Each structure stands twice: as C-alpha cells, then as structure tokens.
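**Q** Structure below; questions to follow.
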Amino acid sequence: MRMAAARTVPQGPVRYERRGAVAVVTLHRPEYRNAQNSAMTYALDDALYRAADDDEVRVVVLAGAGEHFSAGHDIGSPGRDAQLPFERRAGLWWDHSDKAGAEARYARESEVYLGMCRRWRELPKPAVAAVQGACVAGGLMLAWVCDLIVASDDAFFADPVVRMGIPGVEYFAHPWVLPPRIARELLYTGDRMSARRAYELGMVNRVVPRAELADRTLELAERIAAMPRMGLALAKRAVNQAEDLQGLHAGLDSVFGLHHLAHAHNAETGDDPLGGMDVRAMKEARG
C-alpha cells in the first residue's frame with residue numbers, strides 16, 4: 001500500500017503526525033515507558049482536539065513510542081507533576097494544587113483521569129489504539145477509550161492496582177470490555193493478560209507481529225477512513241449510547257467513588273494514599 005507523505009510536529013510528551021486522512025498521535029516519554037503525567041495528559045487532549053478540528057482527518061491512531069504503549073500513570077518519574085496546577089478542561093471541579101487530602105486528589109483525578117477519558121471516548125472520529133509491550137493500569141484507560149485495539153504479539157495488559165488496596169483504575173470499564181468473571185480475575189490477581197488471550201476474549205481486535213504493528217494499524221485506519229465521515233460519527237455514537245444504556249456511564253461514576261474511598265482509607269491507615277506501593281514495590285510484588 002502506498003502511504004501518503006507524513007507531516008510530523010513534535011509536541012513535548014505527545015507527537016502528532018498526519019498521514020493522509022489519518023492522524024497518528026504518539027505518547028512520547030519512552031524513557032519512562034510512556035508513564036502519564038499531567039503534561040502528557042493535556043498534550044494528548046490538545047492532539048485529539050487538533051484531530052477533531054482538522055477536516056482532512058477521518059481516523060485517529062493512538063500509539064506509544066519505544067518498547068511499551070504505556071505503563072500507566074506516573075507515580076515516580078522525575079517528571080511527575082501531580083502537584084502542579086493546569087487549566088481545567090474536562091469538568092468544573094476546582095484547582096487541586098492548593099488543596100489537601102481527599103479533596104485535592106478527587107478534584108485532580110476527576111479532571112485528568114475520569115473526565116479526560118470520557119471526553120476522548122466521545123471524539124466523533126474513530127480511534128484505533130496500536131499497543132505494544134506494556135499496557136498497564138492507566139495504559140488500559142487510553143486503549144479502552146479507543147474504538148478498536150490492534151496489539152502486537154508481545155503486548156500484555158494488566159491492572160495491578162488492587163495491590164495498592166484500590167479497586168481498579170479510575171476509568172473502570174473492566175466489566176464492559178471483558179466478561180465479568182475475567183474482569184474479576186484481572187483485578188484479583190494483578191496478572192498480565194497476553195495479547196492472544198485479550199483477542200480471544202474480544203478486548204483486542206487484531207494481533208499482529210511486533211514489526212508490523214504500525215503498518216497494519218495504519219492500513220486498518222485507512223480502510224476505515226474511506227467510509228463516510230458522518231456515517232462513522234453516528235455509528236460510533238450509536239455504540240457508545242448502547243454501552244451507556246448497559247450501565248457504563250453510571251458504573252464509571254460509582255466505581256470512581258470507590259476508588260477514592262480506597263485512597264482515603266490508605267491515607268488514614270498508612271503512610272500514603274497508594275498503600276505504600278511505589279514503582280519498585282509494584283515491580284517486586286509482580287515477581
């Protein structure tokens with residue numbers, strides 16, 4: 001297949017590239033396995049707004065630079081910026097940076113995690129995630145808000161945050177993207193799910209060789225881009241509405257509250273809201 005010439009604009013922790021009718025949005029903190037700090041979250045929001053506003057873009061591909069798609073939320077890199085203020089975009093909760101305790105965490109995560117993911121799910125253009133290596137915790141959230149997932153044969157998926165005493169990540173789509181018993185297994189064990197098993201369970205659309213991930217994802221995106229724009233937007237809206245009628249929207253709100261109850265419990269009974277688990281402790285617990 002002959003590809004259109006690419007146009008790339010470096011954009012800090014997220015890069016934006018046009019390939020014909022496809023916008024390729026790439027998480028770009030490879031040295032930290034694309035751990036998501038606030039700067040990355042807002043840069044991703046900028047990129048998706050840019051794709052939405054560009055009439056020549058019909059489909060978005062969300063990818064991760066380097067060996068891994070995303071190892072999740074940034075809980076310990078030198079660029080961790082959870083304490084800093086950012087412009088509010090996804091909701092009306094106030095600035096968290098001058099608040100304390102559960103108020104600060106709830107206000108921030110309502111914005112950068114639950115609120116942002118809901119916005120991105122509503123992008124009226126199809127989005128395809130290209131996943132390689134780790135897609136863990138917050139990485140799952142980014143893949144799940146996309147309409148389709150293409151995974152490399154070395155990709156794996158996990159939500160190990162129950163080890164922190166927390167009932168899953170903030171965008172709790174687990175029982176909608178997986179059968180409930182499998183969602184329980186993923187949470188209760190913290191184990192990795194292979195790309196092959198994720199495909200067999202219907203969470204992943206295609207599994208391809210690692211070396212072919214970018215090309216195969218782009219081919220799928222270009223095939224989708226040939227469909228009428230309004231038809232795609234309405235089809236996406238129809239499926240999203242069906243998921244919401246099945247309880248997704250209300251379920252996200254409910255579990256978000258439980259998530260923050262867990263943070264508050266950790267802070268009251270221990271030394272920090274993460275149950276004493278940092279990056280090293282999470283790796284050691286995995287074994």
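Letters A, B, ... go to the chains of the structure tokens in the order shown; residues in each chain start at 1; ligands are counted from 1 in the same order.
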Would you write out, as a tab-separated table, a table of all residues in range 229-265 of chain A that have an atom no more than 9 Å from an atom of range 118-130 of chain A, listing for each the closest atom pair and the distance in Å to one decimal, considering only C-alpha atoms and ordering rows by chain and rising residue number?

**A**
```
residue	atom	partner	partner_atom	distance
A:Arg229	CA	A:Lys125	CA	7.7
A:Met230	CA	A:Pro124	CA	8.8
A:Leu232	CA	A:Lys125	CA	6.9
A:Ala233	CA	A:Pro124	CA	5.0
A:Leu234	CA	A:Pro124	CA	8.0
A:Lys236	CA	A:Pro124	CA	7.1
A:Arg237	CA	A:Pro124	CA	7.5
A:Asn240	CA	A:Glu122	CA	8.0
A:His249	CA	A:Arg118	CA	8.9
```

**Q** Put those residues in a file: N, CA and C atoms, as a PDB file, in the first residue's frame.

**A**
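Listed below is the output, part_15.pdb:
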```
ATOM      1  N   ARG A 229     -17.758  10.211   6.585  1.00  0.00           N
ATOM      2  CA  ARG A 229     -17.439  10.780   7.899  1.00  0.00           C
ATOM      3  C   ARG A 229     -18.656  10.795   8.826  1.00  0.00           C
ATOM      4  N   MET A 230     -19.797  11.249   8.328  1.00  0.00           N
ATOM      5  CA  MET A 230     -20.979  11.341   9.182  1.00  0.00           C
ATOM      6  C   MET A 230     -21.464   9.955   9.581  1.00  0.00           C
ATOM      7  N   LEU A 232     -19.614   7.322  10.045  1.00  0.00           N
ATOM      8  CA  LEU A 232     -18.726   6.850  11.097  1.00  0.00           C
ATOM      9  C   LEU A 232     -19.063   7.503  12.434  1.00  0.00           C
ATOM     10  N   ALA A 233     -19.290   8.808  12.409  1.00  0.00           N
ATOM     11  CA  ALA A 233     -19.588   9.522  13.652  1.00  0.00           C
ATOM     12  C   ALA A 233     -20.869   9.005  14.289  1.00  0.00           C
ATOM     13  N   LEU A 234     -21.877   8.759  13.465  1.00  0.00           N
ATOM     14  CA  LEU A 234     -23.145   8.286  14.003  1.00  0.00           C
ATOM     15  C   LEU A 234     -23.052   6.834  14.478  1.00  0.00           C
ATOM     16  N   LYS A 236     -20.366   5.425  15.662  1.00  0.00           N
ATOM     17  CA  LYS A 236     -19.642   5.481  16.934  1.00  0.00           C
ATOM     18  C   LYS A 236     -20.572   5.930  18.050  1.00  0.00           C
ATOM     19  N   ARG A 237     -21.364   6.948  17.780  1.00  0.00           N
ATOM     20  CA  ARG A 237     -22.296   7.442  18.785  1.00  0.00           C
ATOM     21  C   ARG A 237     -23.296   6.363  19.174  1.00  0.00           C
ATOM     22  N   ASN A 240     -21.581   3.827  21.477  1.00  0.00           N
ATOM     23  CA  ASN A 240     -21.348   4.447  22.778  1.00  0.00           C
ATOM     24  C   ASN A 240     -22.647   4.548  23.580  1.00  0.00           C
ATOM     25  N   HIS A 249     -21.750   4.451  31.824  1.00  0.00           N
ATOM     26  CA  HIS A 249     -21.575   5.798  32.350  1.00  0.00           C
ATOM     27  C   HIS A 249     -21.817   5.834  33.854  1.00  0.00           C
TER      28      HIS A 249
END
```

**Q** Can you tell me which residues surround range 165-170 of chain A at a distance of at most 7 Å, considering only C-alpha atoms, apart from same-chain residues fewer than 2 positions away, and format the answer as number ranges by chain?

**A** A: 113-114, 137-138, 159, 161-163, 172, 187, 256, 259, 262-263, 275

**Q** If you keep all heavy atoms, can you produce a file of those selected residues as a compact mmCIF listing (two decimals), in the first residue's frame?

**A**
```txt
# COMPACT_ATOMS: atom_id res chain seq x y z
N TYR A 113 -8.16 12.13 34.79
CA TYR A 113 -8.36 10.70 34.53
C TYR A 113 -9.78 10.42 34.04
O TYR A 113 -10.00 10.19 32.86
CB TYR A 113 -8.02 9.88 35.78
CG TYR A 113 -6.58 9.98 36.20
CD1 TYR A 113 -6.20 9.84 37.52
CD2 TYR A 113 -5.56 10.25 35.27
CE1 TYR A 113 -4.87 9.93 37.91
CE2 TYR A 113 -4.24 10.35 35.64
CZ TYR A 113 -3.90 10.18 36.97
OH TYR A 113 -2.59 10.28 37.36
N LEU A 114 -10.76 10.49 34.92
CA LEU A 114 -12.12 10.17 34.51
C LEU A 114 -12.65 11.16 33.48
O LEU A 114 -13.16 10.77 32.43
CB LEU A 114 -13.04 10.13 35.73
CG LEU A 114 -14.50 9.78 35.44
CD1 LEU A 114 -14.62 8.40 34.81
CD2 LEU A 114 -15.33 9.85 36.72
N ALA A 137 -2.65 -0.58 33.75
CA ALA A 137 -3.38 0.37 34.59
C ALA A 137 -3.84 1.57 33.76
O ALA A 137 -4.74 1.44 32.93
CB ALA A 137 -2.54 0.78 35.79
N GLY A 138 -3.24 2.75 33.96
CA GLY A 138 -3.64 3.92 33.18
C GLY A 138 -3.47 3.73 31.68
O GLY A 138 -4.14 4.38 30.89
N ASP A 159 -4.09 -4.70 35.20
CA ASP A 159 -4.47 -3.65 36.14
C ASP A 159 -4.14 -4.15 37.54
O ASP A 159 -4.96 -4.76 38.21
CB ASP A 159 -5.96 -3.31 36.04
CG ASP A 159 -6.32 -2.11 36.89
OD1 ASP A 159 -5.42 -1.56 37.57
OD2 ASP A 159 -7.50 -1.71 36.90
N VAL A 161 -3.59 -2.55 40.38
CA VAL A 161 -3.68 -1.57 41.46
C VAL A 161 -4.42 -2.10 42.69
O VAL A 161 -4.41 -1.44 43.74
CB VAL A 161 -4.30 -0.23 40.99
CG1 VAL A 161 -3.47 0.37 39.88
CG2 VAL A 161 -5.73 -0.40 40.57
N VAL A 162 -5.04 -3.29 42.59
CA VAL A 162 -5.60 -3.88 43.81
C VAL A 162 -4.48 -4.12 44.83
O VAL A 162 -4.72 -4.14 46.03
CB VAL A 162 -6.37 -5.18 43.49
CG1 VAL A 162 -6.81 -5.90 44.76
CG2 VAL A 162 -7.60 -4.86 42.63
N ARG A 163 -3.24 -4.26 44.34
CA ARG A 163 -2.10 -4.38 45.26
C ARG A 163 -1.95 -3.13 46.13
O ARG A 163 -1.33 -3.17 47.18
CB ARG A 163 -0.81 -4.62 44.48
CG ARG A 163 -0.75 -5.95 43.75
CD ARG A 163 0.65 -6.25 43.24
NE ARG A 163 0.66 -7.49 42.48
CZ ARG A 163 0.90 -7.59 41.19
NH1 ARG A 163 1.18 -6.51 40.49
NH2 ARG A 163 0.89 -8.77 40.59
N PHE A 172 -13.18 2.87 35.07
CA PHE A 172 -13.42 1.46 35.39
C PHE A 172 -14.36 0.83 34.35
O PHE A 172 -15.55 0.59 34.60
CB PHE A 172 -14.03 1.34 36.79
CG PHE A 172 -14.05 -0.06 37.32
CD1 PHE A 172 -12.95 -0.60 37.96
CD2 PHE A 172 -15.19 -0.85 37.18
CE1 PHE A 172 -12.97 -1.90 38.46
CE2 PHE A 172 -15.22 -2.15 37.67
CZ PHE A 172 -14.11 -2.67 38.31
N LEU A 187 -8.38 -8.27 38.06
CA LEU A 187 -8.23 -7.42 39.23
C LEU A 187 -7.71 -8.20 40.43
O LEU A 187 -6.81 -7.75 41.14
CB LEU A 187 -9.58 -6.77 39.57
CG LEU A 187 -10.06 -5.72 38.58
CD1 LEU A 187 -11.55 -5.45 38.78
CD2 LEU A 187 -9.28 -4.43 38.73
N PHE A 256 -15.62 5.22 40.53
CA PHE A 256 -14.72 6.33 40.80
C PHE A 256 -14.80 6.72 42.28
O PHE A 256 -13.78 7.02 42.92
CB PHE A 256 -15.06 7.52 39.90
CG PHE A 256 -14.05 8.64 39.95
CD1 PHE A 256 -12.78 8.48 39.44
CD2 PHE A 256 -14.39 9.87 40.51
CE1 PHE A 256 -11.85 9.52 39.48
CE2 PHE A 256 -13.47 10.92 40.55
CZ PHE A 256 -12.19 10.73 40.04
N HIS A 259 -12.96 4.11 44.23
CA HIS A 259 -11.52 4.32 44.03
C HIS A 259 -10.99 5.34 45.03
O HIS A 259 -9.94 5.14 45.66
CB HIS A 259 -11.31 4.80 42.59
CG HIS A 259 -9.89 5.06 42.22
ND1 HIS A 259 -9.13 4.15 41.52
CD2 HIS A 259 -9.08 6.13 42.42
CE1 HIS A 259 -7.92 4.64 41.33
NE2 HIS A 259 -7.87 5.84 41.85
N ALA A 262 -10.88 4.18 48.62
CA ALA A 262 -9.68 3.38 48.86
C ALA A 262 -8.47 4.27 49.12
O ALA A 262 -7.68 4.01 50.03
CB ALA A 262 -9.43 2.46 47.67
N HIS A 263 -8.30 5.34 48.32
CA HIS A 263 -7.20 6.27 48.57
C HIS A 263 -7.29 6.86 49.98
O HIS A 263 -6.29 6.95 50.70
CB HIS A 263 -7.23 7.42 47.55
CG HIS A 263 -6.61 7.10 46.23
ND1 HIS A 263 -5.35 6.56 46.11
CD2 HIS A 263 -7.07 7.29 44.96
CE1 HIS A 263 -5.05 6.42 44.82
NE2 HIS A 263 -6.08 6.84 44.11
N GLY A 275 -1.09 3.16 49.43
CA GLY A 275 -0.90 1.95 50.20
C GLY A 275 0.56 1.54 50.33
O GLY A 275 0.87 0.36 50.48
```

**Q** Closest to Arg89 in chain A among A:Glu67, A:Asp191, A:Asp45, A:Asp74, using only C-alpha atoms?

**A**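 Going through A:Glu67, A:Asp191, A:Asp45, A:Asp74 one by one, the smallest distance to Arg89 in chain A is for A:Asp45.
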
**Q** Give the alpha helix (DSSP H) residues of range 22-106 of chain A, as DSSP finds them on the backbone, and put them as a list in words.

**A** Ser38, Ala39, Met40, Thr41, Tyr42, Ala43, Leu44, Asp45, Asp46, Ala47, Leu48, Tyr49, Arg50, Ala51, Ala52, Asp53, Gly101, Ala102, Glu103, Ala104, Arg105 and Tyr106 of chain A

**Q** Take the residues from that selection and write them out as a PDB file, in the first residue's frame, keeping N, CA, C and O atoms.

**A**
```
ATOM      1  N   SER A  38       0.659  14.772  34.099  1.00  0.00           N
ATOM      2  CA  SER A  38      -0.365  15.730  33.658  1.00  0.00           C
ATOM      3  C   SER A  38       0.026  16.403  32.355  1.00  0.00           C
ATOM      4  O   SER A  38      -0.827  16.666  31.496  1.00  0.00           O
ATOM      5  N   ALA A  39       1.307  16.690  32.182  1.00  0.00           N
ATOM      6  CA  ALA A  39       1.751  17.329  30.941  1.00  0.00           C
ATOM      7  C   ALA A  39       1.401  16.461  29.741  1.00  0.00           C
ATOM      8  O   ALA A  39       0.945  16.968  28.705  1.00  0.00           O
ATOM      9  N   MET A  40       1.600  15.159  29.856  1.00  0.00           N
ATOM     10  CA  MET A  40       1.230  14.265  28.758  1.00  0.00           C
ATOM     11  C   MET A  40      -0.278  14.245  28.550  1.00  0.00           C
ATOM     12  O   MET A  40      -0.760  14.277  27.401  1.00  0.00           O
ATOM     13  N   THR A  41      -1.031  14.225  29.629  1.00  0.00           N
ATOM     14  CA  THR A  41      -2.491  14.167  29.519  1.00  0.00           C
ATOM     15  C   THR A  41      -3.037  15.380  28.776  1.00  0.00           C
ATOM     16  O   THR A  41      -3.873  15.254  27.876  1.00  0.00           O
ATOM     17  N   TYR A  42      -2.545  16.561  29.126  1.00  0.00           N
ATOM     18  CA  TYR A  42      -3.041  17.766  28.457  1.00  0.00           C
ATOM     19  C   TYR A  42      -2.522  17.872  27.024  1.00  0.00           C
ATOM     20  O   TYR A  42      -3.229  18.378  26.140  1.00  0.00           O
ATOM     21  N   ALA A  43      -1.314  17.387  26.776  1.00  0.00           N
ATOM     22  CA  ALA A  43      -0.809  17.368  25.401  1.00  0.00           C
ATOM     23  C   ALA A  43      -1.610  16.405  24.546  1.00  0.00           C
ATOM     24  O   ALA A  43      -1.877  16.668  23.361  1.00  0.00           O
ATOM     25  N   LEU A  44      -2.022  15.279  25.128  1.00  0.00           N
ATOM     26  CA  LEU A  44      -2.875  14.333  24.394  1.00  0.00           C
ATOM     27  C   LEU A  44      -4.224  14.965  24.087  1.00  0.00           C
ATOM     28  O   LEU A  44      -4.767  14.820  22.983  1.00  0.00           O
ATOM     29  N   ASP A  45      -4.765  15.699  25.039  1.00  0.00           N
ATOM     30  CA  ASP A  45      -6.028  16.395  24.814  1.00  0.00           C
ATOM     31  C   ASP A  45      -5.891  17.394  23.677  1.00  0.00           C
ATOM     32  O   ASP A  45      -6.768  17.491  22.802  1.00  0.00           O
ATOM     33  N   ASP A  46      -4.784  18.132  23.649  1.00  0.00           N
ATOM     34  CA  ASP A  46      -4.535  19.074  22.554  1.00  0.00           C
ATOM     35  C   ASP A  46      -4.503  18.357  21.205  1.00  0.00           C
ATOM     36  O   ASP A  46      -5.074  18.834  20.217  1.00  0.00           O
ATOM     37  N   ALA A  47      -3.815  17.217  21.174  1.00  0.00           N
ATOM     38  CA  ALA A  47      -3.665  16.481  19.919  1.00  0.00           C
ATOM     39  C   ALA A  47      -5.008  15.965  19.425  1.00  0.00           C
ATOM     40  O   ALA A  47      -5.301  16.017  18.217  1.00  0.00           O
ATOM     41  N   LEU A  48      -5.831  15.477  20.328  1.00  0.00           N
ATOM     42  CA  LEU A  48      -7.130  14.949  19.908  1.00  0.00           C
ATOM     43  C   LEU A  48      -8.073  16.071  19.476  1.00  0.00           C
ATOM     44  O   LEU A  48      -8.869  15.896  18.539  1.00  0.00           O
ATOM     45  N   TYR A  49      -7.988  17.226  20.124  1.00  0.00           N
ATOM     46  CA  TYR A  49      -8.759  18.381  19.651  1.00  0.00           C
ATOM     47  C   TYR A  49      -8.300  18.787  18.253  1.00  0.00           C
ATOM     48  O   TYR A  49      -9.119  19.122  17.381  1.00  0.00           O
ATOM     49  N   ARG A  50      -6.997  18.743  18.036  1.00  0.00           N
ATOM     50  CA  ARG A  50      -6.461  19.097  16.723  1.00  0.00           C
ATOM     51  C   ARG A  50      -6.988  18.150  15.653  1.00  0.00           C
ATOM     52  O   ARG A  50      -7.387  18.577  14.568  1.00  0.00           O
ATOM     53  N   ALA A  51      -7.003  16.856  15.966  1.00  0.00           N
ATOM     54  CA  ALA A  51      -7.517  15.874  15.011  1.00  0.00           C
ATOM     55  C   ALA A  51      -9.005  16.075  14.758  1.00  0.00           C
ATOM     56  O   ALA A  51      -9.488  15.937  13.630  1.00  0.00           O
ATOM     57  N   ALA A  52      -9.756  16.422  15.820  1.00  0.00           N
ATOM     58  CA  ALA A  52     -11.196  16.647  15.665  1.00  0.00           C
ATOM     59  C   ALA A  52     -11.471  17.848  14.767  1.00  0.00           C
ATOM     60  O   ALA A  52     -12.416  17.845  13.970  1.00  0.00           O
ATOM     61  N   ASP A  53     -10.627  18.885  14.893  1.00  0.00           N
ATOM     62  CA  ASP A  53     -10.860  20.122  14.148  1.00  0.00           C
ATOM     63  C   ASP A  53     -10.392  20.059  12.702  1.00  0.00           C
ATOM     64  O   ASP A  53     -10.792  20.894  11.887  1.00  0.00           O
ATOM     65  N   GLY A 101      -5.460  16.592  51.046  1.00  0.00           N
ATOM     66  CA  GLY A 101      -6.176  15.362  51.324  1.00  0.00           C
ATOM     67  C   GLY A 101      -7.020  14.859  50.172  1.00  0.00           C
ATOM     68  O   GLY A 101      -6.686  15.010  48.992  1.00  0.00           O
ATOM     69  N   ALA A 102      -8.166  14.242  50.524  1.00  0.00           N
ATOM     70  CA  ALA A 102      -9.044  13.640  49.523  1.00  0.00           C
ATOM     71  C   ALA A 102      -9.590  14.673  48.549  1.00  0.00           C
ATOM     72  O   ALA A 102      -9.837  14.373  47.378  1.00  0.00           O
ATOM     73  N   GLU A 103      -9.786  15.914  49.018  1.00  0.00           N
ATOM     74  CA  GLU A 103     -10.289  16.979  48.140  1.00  0.00           C
ATOM     75  C   GLU A 103      -9.342  17.218  46.977  1.00  0.00           C
ATOM     76  O   GLU A 103      -9.776  17.336  45.819  1.00  0.00           O
ATOM     77  N   ALA A 104      -8.049  17.289  47.260  1.00  0.00           N
ATOM     78  CA  ALA A 104      -7.068  17.543  46.203  1.00  0.00           C
ATOM     79  C   ALA A 104      -7.036  16.397  45.207  1.00  0.00           C
ATOM     80  O   ALA A 104      -7.061  16.609  43.982  1.00  0.00           O
ATOM     81  N   ARG A 105      -6.989  15.169  45.689  1.00  0.00           N
ATOM     82  CA  ARG A 105      -6.891  14.013  44.792  1.00  0.00           C
ATOM     83  C   ARG A 105      -8.172  13.841  43.979  1.00  0.00           C
ATOM     84  O   ARG A 105      -8.129  13.582  42.777  1.00  0.00           O
ATOM     85  N   TYR A 106      -9.329  14.002  44.604  1.00  0.00           N
ATOM     86  CA  TYR A 106     -10.596  13.835  43.895  1.00  0.00           C
ATOM     87  C   TYR A 106     -10.747  14.894  42.804  1.00  0.00           C
ATOM     88  O   TYR A 106     -11.149  14.587  41.677  1.00  0.00           O
TER      89      TYR A 106
END
```

**Q** Would you kindly return, as a list in words, each protein, DNA or RNA residue with an atom no farther than 9 Å from any atom of Arg88 in chain A, considering only C-alpha atoms and excluding same-chain residues fewer than 4 positions away?

**A**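 Near neighbours after the sequence-gap exclusion: Leu92, Trp93, Trp94, Asp95, Glu111 and Val112 of chain A.
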
**Q** Could you save those same residues with N, CA and C atoms as a tab-separated table (two decimals), in the first residue's frame?

**A**
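Listing of again_27.tsv after writing:
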```tsv
chain	number	residue	atom	x	y	z
A	92	LEU	N	-15.86	20.84	36.02
A	92	LEU	CA	-15.97	22.09	36.74
A	92	LEU	C	-15.40	22.01	38.15
A	93	TRP	N	-14.72	20.91	38.47
A	93	TRP	CA	-14.04	20.85	39.76
A	93	TRP	C	-12.93	21.88	39.81
A	94	TRP	N	-12.71	22.41	40.99
A	94	TRP	CA	-11.73	23.47	41.17
A	94	TRP	C	-10.29	22.95	41.13
A	95	ASP	N	-9.35	23.90	41.09
A	95	ASP	CA	-7.93	23.57	41.06
A	95	ASP	C	-7.55	22.76	42.30
A	111	GLU	N	-10.63	15.43	36.83
A	111	GLU	CA	-10.23	16.14	35.62
A	111	GLU	C	-9.36	15.28	34.71
A	112	VAL	N	-8.18	14.88	35.20
A	112	VAL	CA	-7.17	14.31	34.30
A	112	VAL	C	-7.38	12.84	33.99
```

**Q** Just to confirm, what's the straight-line distance from CA of His260 in chain A to CA of Leu248 in chain A in Å (one decimal)?

**A**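 These atoms are spaced 18.4 Å apart.
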
**Q** As a ChimeraX atom specification, list the residues of range 51-248 of chain A assigned to strand (DSSP E) by DSSP on the backbone atoms of this structure.

**A** /A:59-64,127-131,134-136,148-152,156-158,193-194,206-208

**Q** What separation in Å, quoted to one decimal, exists between CA of Val61 in chain A and CA of Thr217 in chain A?

**A**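 For CA of Val61 in chain A relative to CA of Thr217 in chain A, the distance reads 7.6 Å.
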
**Q** So how many Å separate CA of Met227 in chain A and CA of Arg58 in chain A, to one decimal?

**A**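 Here the two named atoms are 8.7 Å from each other.
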
**Q** For Asp215 in chain A, work out the shell of residues within 12 Å, counting only C-alpha atoms and skipping chain neighbours fewer than 4 positions away, then give it as a CSV table (one decimal) with C-alpha atoms, in the first residue's frame.

**A**
```csv
chain,number,residue,atom,x,y,z
A,1,MET,CA,0.0,0.0,0.0
A,2,ARG,CA,1.3,3.4,-0.9
A,3,MET,CA,1.3,5.7,2.1
A,19,ARG,CA,-0.7,10.5,7.2
A,24,VAL,CA,-1.1,9.4,14.3
A,61,VAL,CA,-4.3,6.2,15.6
A,63,ALA,CA,0.4,4.8,19.6
A,130,ALA,CA,-1.7,0.5,18.5
A,150,VAL,CA,-4.6,-3.6,17.4
A,152,SER,CA,1.5,-6.7,18.8
A,208,VAL,CA,0.0,-8.8,14.6
A,209,PRO,CA,3.7,-9.3,14.6
A,210,ARG,CA,5.6,-6.5,16.5
A,211,ALA,CA,7.5,-5.4,13.4
A,219,GLU,CA,-3.8,0.0,6.9
A,220,LEU,CA,-6.9,-0.6,9.1
A,221,ALA,CA,-7.2,3.1,9.9
A,222,GLU,CA,-7.0,4.0,6.2
```

**Q** Which of these, A:Val59, A:Ala35, A:Ala65, A:Ala173, has the shortest distance to Asp244 in chain A once you count only C-alpha atoms?

**A** A:Ala173

**Q** Please provide as a list in words all residues within 9 Å of Arg184 in chain A, with the sequence filter that same-chain residues fewer than 4 positions apart are discarded (counting only C-alpha atoms).

**A**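 Selected residues are His174, Pro175, Pro179, Pro180, Tyr188 and Thr189 of chain A.
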
**Q** Keeping N, CA and C atoms, export the residues of the selection given above as a PDB file, in the first residue's frame.

**A**
```pdb
ATOM      1  N   HIS A 174     -13.769  -2.143  33.074  1.00  0.00           N
ATOM      2  CA  HIS A 174     -13.418  -3.570  33.077  1.00  0.00           C
ATOM      3  C   HIS A 174     -14.576  -4.504  32.737  1.00  0.00           C
ATOM      4  N   PRO A 175     -15.752  -4.395  33.403  1.00  0.00           N
ATOM      5  CA  PRO A 175     -16.835  -5.348  33.116  1.00  0.00           C
ATOM      6  C   PRO A 175     -17.559  -5.101  31.794  1.00  0.00           C
ATOM      7  N   PRO A 179     -15.648 -10.029  29.925  1.00  0.00           N
ATOM      8  CA  PRO A 179     -16.677 -10.704  30.709  1.00  0.00           C
ATOM      9  C   PRO A 179     -16.419 -10.477  32.201  1.00  0.00           C
ATOM     10  N   PRO A 180     -17.459 -10.344  33.019  1.00  0.00           N
ATOM     11  CA  PRO A 180     -17.250 -10.018  34.432  1.00  0.00           C
ATOM     12  C   PRO A 180     -16.323 -10.970  35.177  1.00  0.00           C
ATOM     13  N   TYR A 188      -8.289  -9.374  40.689  1.00  0.00           N
ATOM     14  CA  TYR A 188      -7.957 -10.121  41.905  1.00  0.00           C
ATOM     15  C   TYR A 188      -6.514 -10.618  41.894  1.00  0.00           C
ATOM     16  N   THR A 189      -5.988 -10.936  40.719  1.00  0.00           N
ATOM     17  CA  THR A 189      -4.632 -11.497  40.650  1.00  0.00           C
ATOM     18  C   THR A 189      -3.576 -10.459  40.303  1.00  0.00           C
TER      19      THR A 189
END
```
